[in-house]
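See below for the structure under consideration.
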Amino acid sequence: MLEKCELLSDDDSDIYRFKMQAYEKMGEIDKAIDEAVRYLDKDDNPSIGVVQDAVKKHLSYGIAKVSQKVTNDKDQKSFWMFVRARFYEWQHNYPKPLNNMTDLKRTMDMMRESPSTVQNATANLDSPGKQPAKSPK
């Protein structure tokens, strides 16, 4: 039933938010987190607070999912780095969000100085670590 929701419009972020909430209520937390990440990815102006309850129930899984996005989604890397830093904060693992935000700040500074160097810089950032606005798709 929940999978059929996507047939309506897989670009509508609300579908992923509703699926996240349904999976969370059914106790399928990893599936809820998968949908939370899809919501954050699809929404043009996502609210990270919307996913907090579900993600906090299995933070290590949420951090792993978002770390994959940091590595694989070069266009939105700064956004996913911010999300990962917030997840680390929810885990009360404060050195990691500080390191992550330092890397994010370095990337943003480089963007201001020379936008053409950003891809090289972000490719070299250490993977494990809005609100930077999401880049238009």
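We name chains A, B, ... following the order of the structure tokens; residues begin at 1 in each chain, and ligands are numbered from 1 as shown.
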Near-Glu24 in chain A list (10 Å; only C-alpha atoms; drop same-chain fewer than 2 positions) as an MDAnalysis selection string = chainID A and resid 18:22 26:33 35 53:55 57
Could you please take those selected residues and save C-alpha atoms as a CSV table (one decimal), in the first residue's frame?
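And here is the file that came out, part_37.csv:
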chain,number,residue,atom,x,y,z
A,18,PHE,CA,3.8,10.4,5.2
A,19,LYS,CA,5.5,7.0,4.5
A,20,MET,CA,8.2,7.8,7.1
A,21,GLN,CA,5.5,8.5,9.7
A,22,ALA,CA,3.6,5.3,8.8
A,26,MET,CA,4.5,0.3,12.4
A,27,GLY,CA,7.9,0.0,14.2
A,28,GLU,CA,9.8,-0.4,10.9
A,29,ILE,CA,12.4,2.2,11.9
A,30,ASP,CA,15.0,1.6,9.2
A,31,LYS,CA,12.3,1.9,6.5
A,32,ALA,CA,11.1,5.1,8.2
A,33,ILE,CA,14.7,6.5,8.0
A,35,GLU,CA,11.8,7.6,3.7
A,53,ASP,CA,11.8,11.5,16.0
A,54,ALA,CA,12.2,8.7,13.5
A,55,VAL,CA,16.0,9.1,13.0
A,57,LYS,CA,15.3,5.8,17.1
Work out how far CA of Arg84 in chain A is from CA of Lys105 in chain A, in Å to one decimal.
-> 14.1 Å
For Asn45 in chain A, which residue among A:Ser13, A:Ser78, A:Asn93, A:Thr102 is the nearest when counting only C-alpha atoms?
->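 Looking at the shortest contact to Asn45 in chain A, the residue is A:Ser13.
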Tell me which of A:Val70, A:Ala64, A:Leu59, A:Asp109 sits closest to Trp90 in chain A, counting only C-alpha atoms.
->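 So, comparing all the options, the nearest one is A:Leu59.
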From A:Asn72, A:Arg38, A:Ser67, A:Arg106, residue lying nearest Ala85 in chain A [only C-alpha atoms] | A:Ser67
Minimum-distance residue to Lys56 in chain A, chosen among A:Asp41, A:Asp73, A:Asp14, A:Glu89 (using only C-alpha atoms) = A:Glu89
